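Novice: The structure follows.
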Amino acid sequence: MTPELIAQLLQPYTDIATEQPEYSASTQPDWPKIHAQLATYLDLILKWNARTNLTAIRTPEEIIQRHFGESLFAGAHLGACATLLDFGSGAGFPGLPIQLLRPDISVTLAESQGKKAAFLREVIRSLGLPTEVWAKRVETMPATRQFDVVTLRAVDNMEAAVQGAILRAKERVLIMGTSRPSSYPLLADSFHVAEPIPMPQANETALLIAQRIR
C-alpha cells in the first residue's frame with residue numbers, strides 16, 4: 001500500500017485534523033511524512049497479524065480506515081494536551097496514530113499482553129518514536145502517574161477501564177465506541193460528557209469526549 005493511496009483512503013478522517021485551531025500555519029501536520037510512517041506501520045501489522053492475532057480486521061483498506069482513520073480523527077479532537085495514556089492499546093490504536101499526528105505529545109501505550117506489547121515496541125523502533133510502552137496492567141502504575149488525556153477503544157472490560165481512566169485523567173477521557181453517553185455512568189460524577197461526535201463512514205461508532213468538572 002503506497003503512502004499516496006493511504007492518503008486517499010484517510011481523507012474523510014484527516015480533513016478535520018487540518019482544520020483544528022491549535023494548528024498554526026507553522027505546525028500543521030506533516031501529512032506526507034505521516035502517510036509514509038503509516039505505510040510502514042501497516043506493513044508491520046500485516047506481517048505480525050499472520051502469526052499473532054493483533055486485529056480481527058485483516059484487509060489493508062479496512063485497517064487504514066477503521067484503525068488509522070478513526071484514531072487520527074480522535075487525535076484531531078484532543079485539544080490542548082501534553083501527556084496521553086492509551087488504555088488497552090492493543091495494536092496501538094488510537095495511541096500510535098495520535099503520536100504521529102501530534103509529535104509534541106508524550107504518549108504512553110498501556111498493553112499487558114506480551115505479544116502485543118512486543119509488537120508495539122517494534123513499531124516504535126521502526127518509526128523512531130519516543131512513545132513509551134507500559135507492558136503491564138494500568139492498575140499497577142504508580143498512583144502519581146497522571147495524564148492530561150486517557151483514550152479508550154475496544155477494551156475487554158469497558159466498565160473497569162473507564163473506572164481506571166477516571167483515576168488517571170487530569171483533563172479528559174476520550175472513548176471511541178458506542179454513541180450512547182448513558183453507557184458510561186461512572187463518568188457522570190466527575191466529568192461532563194459532550195454530545196457524541198459521529199465517526200466518518202461509521203454507522204454506530206462515535207467519539208465521546210468527557211471533560212473533568214472543576
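Residues are referred to by chain and number: the chain letter is A, B, ... according to the order shown in the C-alpha cells, the number counts from 1 in that chain, and ligands are numbered separately from 1 in the order shown.
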Return as a Markdown table the residues of segment 28-105 of chain A lying at most 12 Å from segment 168-184 of chain A, together with the closest atom-to-atom pair for each and the distance in Å to one decimal, counting only C-alpha atoms, with rows in chain order and ascending residue number.
Specialist:
| residue | atom | partner | partner_atom | distance |
| --- | --- | --- | --- | --- |
| A:Arg66 | CA | A:Met176 | CA | 11.2 |
| A:His67 | CA | A:Met176 | CA | 10.9 |
| A:Glu70 | CA | A:Met176 | CA | 8.3 |
| A:Ser71 | CA | A:Met176 | CA | 8.7 |
| A:Leu72 | CA | A:Met176 | CA | 11.6 |
| A:Phe73 | CA | A:Met176 | CA | 10.1 |
| A:Ala74 | CA | A:Leu174 | CA | 7.7 |
| A:Gly75 | CA | A:Leu174 | CA | 9.6 |
| A:Ala76 | CA | A:Leu174 | CA | 11.5 |
| A:His77 | CA | A:Leu174 | CA | 8.9 |
| A:Leu78 | CA | A:Leu174 | CA | 8.1 |
| A:Gly79 | CA | A:Arg172 | CA | 9.5 |
| A:Ala80 | CA | A:Glu171 | CA | 9.6 |
| A:Cys81 | CA | A:Glu171 | CA | 8.7 |
| A:Ala82 | CA | A:Glu171 | CA | 10.7 |
| A:Thr83 | CA | A:Lys170 | CA | 9.7 |
| A:Leu84 | CA | A:Ala169 | CA | 8.6 |
| A:Leu85 | CA | A:Arg168 | CA | 8.3 |
| A:Asp86 | CA | A:Leu174 | CA | 9.6 |
| A:Phe87 | CA | A:Arg168 | CA | 9.9 |
| A:Gly88 | CA | A:Ile175 | CA | 11.8 |
| A:Phe93 | CA | A:Met176 | CA | 10.0 |
| A:Pro94 | CA | A:Met176 | CA | 8.8 |
| A:Gly95 | CA | A:Leu174 | CA | 11.4 |
Novice: Which residue gives the smallest distance to Val150 of chain A among A:Ala210, A:Tyr13, A:Pro130, A:Leu42, with only C-alpha atoms counted?
Specialist: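 So, comparing all the options, the nearest one is A:Ala210.
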Novice: Quick one: DSSP strand (DSSP E) residues in segment 1-205 of chain A, as number ranges by chain?
Specialist: A: 83-87, 106-110, 132-134, 147-153, 169-177, 191-193, 197-198
Novice: Take atom CA of Leu129 of chain A and atom CA of Leu96 of chain A and report the distance between them in Å, one decimal.
Specialist: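 Separation of atom CA of Leu129 of chain A and atom CA of Leu96 of chain A: 9.1 Å.
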Novice: Could you give me, as a PyMOL selection string, each residue of segment 13-207 of chain A that DSSP assigns to alpha helix (DSSP H) when run on this structure's backbone?
Specialist: chain A and resi 13-18+31-49+60-62+70-75+95-101+114-127+158-168
Novice: Skip Glu139 of chain A itself and residues of its chain fewer than 4 positions away, then list as number ranges by chain all residues within 12 Å of it, counting only C-alpha atoms.
Specialist: A: 87-88, 110-112, 134-135, 143-145, 160-168
Novice: May I ask for the distance between atom CA of Gln11 of chain A and atom CA of Val107 of chain A, given in Å to one decimal place?
Specialist: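 Going from atom CA of Gln11 of chain A over to atom CA of Val107 of chain A, I get 24.0 Å.
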Novice: Which one of A:Thr14, A:Gln211, A:Gln8, A:Gln113 sits closest to Ala194 of chain A if you count only C-alpha atoms?
Specialist: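 Of the candidates, the smallest distance to Ala194 of chain A is held by A:Gln211.
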Novice: May I ask for the distance between atom CA of Thr2 of chain A and atom CA of His35 of chain A, given in Å to one decimal place?
Specialist: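 Those two atoms sit 8.5 Å apart.
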Novice: Between A:Pro196, A:Glu159, A:Leu10, A:Thr108, which one has atoms that come closest to Ile124 of chain A, using only C-alpha atoms?
Specialist: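 Looking only at the distances to Ile124 of chain A, the closest residue turns out to be A:Thr108.
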Novice: I need the residue nearest Arg102 of chain A from this list: A:Ile197, A:Leu9, A:Ile45, A:Ile34. Use only C-alpha atoms for the distance.
Specialist: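 Going through A:Ile197, A:Leu9, A:Ile45, A:Ile34 one by one, the smallest distance to Arg102 of chain A is for A:Ile34.
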Novice: Taking into account only C-alpha atoms, which residue in the set A:Lys116, A:Val123, A:Gln37, A:Arg153 is nearest to Lys136 of chain A?
Specialist: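 For Lys136 of chain A, the nearest of the candidates is A:Lys116.
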